[in-house]
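J.: Dumping the structure here so I can ask a few things about it.
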2 protein chains.
Amino acid sequence: MNFKDATLPEIDAALREAHIAYLSYKNLGGKKKGEFLRTIADEIGALGNTLIQTAMRETNLPEARVISERGRTTGHCRMFAQLVEEGSWVEARIDSAQPNRTPLPRADLRKMLVPIGPVVVFGAANFPLAYSTAGGDTAAALAAGCPVIVKAHPAHAETSELVAEAIKKAISKTKMPQNIFQHFHGKSFEIGQALVKHPLTKAVGFTGSLAGGKALFDLANQRPEPIPVFAEMSSINPVYLLPESLGRNYDKTALMLASSITQGVGQFCTNPGLMIAVDDDGLKQYIKKLSEEILKTPAGTMLHQGIANNYHKRLAESLAQKGITIEAQATDAGSTMQGRPTVVSVAAKDFLKNPILAEEVFGPFSLIVKCEDVSEFNSIAVHQHGQLTSSIIGEEPEVKKHQNLLNLLKEKAGRLIINGVPTGVEVVPSQNHGGPYPATTDSRFTAVGPDSIKRFARPVSFQNFPDALLPDELKEQNPLNIWRMRDFEWTKK
Amino acid sequence: MNFKDATLPEIDAALREAHIAYLSYKNLGGKKKGEFLRTIADEIGALGNTLIQTAMRETNLPEARVISERGRTTGHCRMFAQLVEEGSWVEARIDSAQPNRTPLPRADLRKMLVPIGPVVVFGAANFPLAYSTAGGDTAAALAAGCPVIVKAHPAHAETSELVAEAIKKAISKTKMPQNIFQHFHGKSFEIGQALVKHPLTKAVGFTGSLAGGKALFDLANQRPEPIPVFAEMSSINPVYLLPESLGRNYDKTALMLASSITQGVGQFCTNPGLMIAVDDDGLKQYIKKLSEEILKTPAGTMLHQGIANNYHKRLAESLAQKGITIEAQATDAGSTMQGRPTVVSVAAKDFLKNPILAEEVFGPFSLIVKCEDVSEFNSIAVHQHGQLTSSIIGEEPEVKKHQNLLNLLKEKAGRLIINGVPTGVEVVPSQNHGGPYPATTDSRFTAVGPDSIKRFARPVSFQNFPDALLPDELKEQNPLNIWRMRDFEWTKK
């Protein structure tokens, strides 16, 4: 199916309508927003097999993955519903008046988070459901009280259209202001540019390439009124393999990593694209087992031709670098849409000299950096760009000897993992899916979990307000029964 | 006294040293950081009258103001000490492992805020103590665990030097890593540029002009690795005077506003530079009383020649705009360093057409916008730029009729005030000293109060960590006894 690109006048009208819808939506209570978000989840569920089949056809993802991604999408809609129904996410603070303070009396002051305004969300190629139309950005923004304008990813436009219709049904069923969600198609950069540059747009959510995210970030900062862009972009998710443990556990470690590298044809932002190990017998055994597993994994059809072309290009570029050895490469299936799982290795000294090897190869690819000894691990960690994750694989007594490495990695990643792979991102309060640049454009926020709502909210203080004019969250009697910080103490009083 | 400008090699060395100091400072517990911050407060107190006299001489501020600003500065150092000693500011979240979950087990995941890295702070001209060397940015960054490099404001270099020495004494007394605080002078933009562009700088705090803040913001975003800049810049703090109430209370309203406009020669970021009223008899009485008060206020010596020159220039520019009437102007004292309190008025229709009138005139200046009726208040509110504050003055029954105006103002300001003036910024958890651009470069953060620490912290998740390797804040037994969100519930368990 071919969807018409949005026109510039349509975008202008959409933002004006979003702004008007915002002026009523922003003041809706958590209960109503919760009902709306739950209805979105229900309506996505009601699309049934049509949604699954459409997404499979458009993205080449297998059925089990699409079904699980749908579960995650409806799951985060319900999680945000729970968050706003409970209500404490607004970080309410109350400091009582001190009318008799000298030399000057102190006025009653109360503060809470409020929505930031209309948010533009770009659908992500690699998550047709969970990071697209009703994805984490959309759900977080709607939960905060922000209208959303989605630009569908052209690679799964029909899937996006189906989900958009589900959201619109939910708007109608729960009697929300009509234009709190709008949906557009657009193949040209011009459409995205117009959305980001529109004066009524107040924030942007994006998941995709470094080039794409950085371009939007720059546009947003060059506006007469700069706006925040949360772009989740590029990460190679280094995995440090501690040598003593590897010497004992090479088989199970290889199984775990091979699966993480090839899962979903390597098209996860948390794919482990870099492994760091000491060049010893344990590593030889590890590579042997890992190679067997990689060779067993057939080349897979990638999400779309652009991503496949990029994988082939970046793979060829990596293979051409000085000192690279191919350790294992699955058979070429002969289709330009397919990505061959590939593991290569390089000596640490060559890795440290070559910035190309520190860049993401988006697909089922991983590079083993061979170190002379563990002391080189710290040099690799210092050399590392900002990442979503960094992992250490080793038994506890050996991990404990690497506090310094953990200390260094904490500076470079949003999530640290011990004895686990970076793929698999739980949607829970303790999740941080973010990290220093270029993993994201702002390391102070997560893109996954309830705290991701904070990307789209800002504090407002209310000074000397009569109780009746205060938002319910800040009223003296705490009618919503939320957690508040009152005179420096957490309380529901 | 003449202090030497920093050289570029000195700045490079400073950031390298700050980074090294950071690697140990970032892991210090809240108790130790608290002791350090309290000692800074003590050492600033120990400077005694020398500090007061020096600041008075350099800034022309009166003794009472400098003493009160010192109290505020030591006060926020102690407030941040209390915050980090208590420890719950790190927003700890814990989600328990679910080893038996199907299809996949869930790993233990824990999250907390950690420091962002070395922070560059620019001393503010208008707060030689509270927003300069040991000001709110410095104290927040040090509390978060970030080393600070201060560039002193050249207008109060000696004051800055004294406070820097106090901080260095506190470092030595509490045995902190030596280079967690460094202090430089620099009159050229080149120095500030080098500090912001250095690859080891991870965030910037700035309070000053729109041009200055925006230049630093742009520099930071154009780095190979963009970094966050929190710049607090420009605000005219509109005050809406509701007509029925003004008709009754013009005298006391005029006294309150006259004092707020002229306080500190108008050199507060929260100075009320705009008043909006209906052009009726009540307003005539209000202007009469306000003018009397303004004429009683002598011209005051401004902070430095640059600020005074800028005031004279912007004042002349405003007076030359179409439709401007001078309502009251204090006598010219004949010195180019002095700012004459000035109140002018203009019809709403002329105001709405002229963007120059919506820009800040930093000094003891305020513009009254005369509306034909209250319905024009909403047009002014929509027209308003982002502000630190917006105020409504009126009796409760009349304020209640203006919910729509409050709703509009919430979009444009960080703090809303009823029946009060914007000057006077309490340092409490409920304070939001921030607001939409151009008030600041990021409306999601406050520059005052304990929450301002979040400008300099970012979340990190710890997945599947043995308890012994977790930071104390996240250990199973909660040894620090802090508030944590555990499986979606707030608890100290």
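Ordering of the structure tokens sets the chain letters (A, B, ...), residue numbers begin anew at 1 in every chain, and ligands are numbered from 1 in the order given.
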Residues at most 9 Å from Gln338 in chain B, counting only C-alpha atoms, excluding those fewer than 5 positions away in the same chain, as a PDB file with C-alpha atoms, in the first residue's frame?

T.:
ATOM      1  CA  VAL B 265      18.671  48.611  41.260  1.00  0.00           C
ATOM      2  CA  ALA B 299      19.069  56.266  40.951  1.00  0.00           C
ATOM      3  CA  GLY B 300      21.341  53.469  42.163  1.00  0.00           C
ATOM      4  CA  THR B 301      24.861  52.429  41.260  1.00  0.00           C
ATOM      5  CA  MET B 302      24.742  49.342  39.086  1.00  0.00           C
ATOM      6  CA  GLN B 305      29.950  49.573  33.862  1.00  0.00           C
ATOM      7  CA  ALA B 308      24.992  50.138  33.402  1.00  0.00           C
ATOM      8  CA  ASP B 332      19.468  61.343  36.742  1.00  0.00           C
ATOM      9  CA  ALA B 333      22.293  61.328  39.257  1.00  0.00           C
TER      10      ALA B 333
END

J.: Among range 125-202 of chain B, which residues does DSSP mark as strand (DSSP E) when it is run on the backbone? Keep the chain and numbering as in the structure and answer as number ranges by chain.

T.: B: 148-151, 181-184

J.: Compile the contact shell of Leu142 in chain B as a list of chain:residue names: residues with an atom at most 9 Å away, counting only C-alpha atoms, same-chain residues fewer than 6 positions apart removed.

T.: B:Lys33, B:Leu37, B:Phe80, B:Val119, B:Val148, B:Ile180, B:Phe181, B:Ile453

J.: Counting only C-alpha atoms, what is within 7 Å of range 198-200 of chain A, bar same-chain residues fewer than 4 positions away, as a list in words?

T.: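 Counting only the stated atoms, we get Leu15, His19, Pro118 and Ala194 of chain A.
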
J.: Between B:Thr262, B:Asn481, B:Ser160, B:Asn221, which residue has the minimum interatomic distance to chain A, considering only C-alpha atoms?

T.: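 Looking only at the distances to chain A, the closest residue turns out to be B:Asn221.
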
J.: Please report as a PyMOL selection string which residues of chain B come no farther than 6 Å from chain A, using only C-alpha atoms.

T.: chain B and resi 93-94+109-111+414-418+430+432+443-444+458+460-465

J.: May I have the residues from that selection written out with C-alpha atoms, as a compact mmCIF listing (two decimals), in the first residue's frame?

T.:
# COMPACT_ATOMS: atom_id res chain seq x y z
CA ARG B 93 14.74 1.97 41.94
CA ILE B 94 14.89 -1.77 42.50
CA LEU B 109 17.80 -4.64 38.04
CA ARG B 110 18.61 -1.56 40.12
CA LYS B 111 19.04 2.06 39.15
CA GLY B 414 8.40 28.17 35.59
CA ARG B 415 6.70 29.72 38.63
CA LEU B 416 3.22 31.18 38.97
CA ILE B 417 2.52 33.65 41.75
CA ILE B 418 -0.76 34.94 43.12
CA SER B 430 9.19 23.30 45.87
CA ASN B 432 11.36 26.09 40.38
CA SER B 443 12.70 24.10 31.06
CA ARG B 444 12.94 20.60 32.58
CA ARG B 458 22.29 10.86 35.11
CA VAL B 460 22.76 4.19 35.57
CA SER B 461 21.19 0.72 35.82
CA PHE B 462 22.98 -2.21 37.44
CA GLN B 463 21.82 -5.56 36.09
CA ASN B 464 22.48 -8.84 37.87
CA PHE B 465 25.08 -7.34 40.22
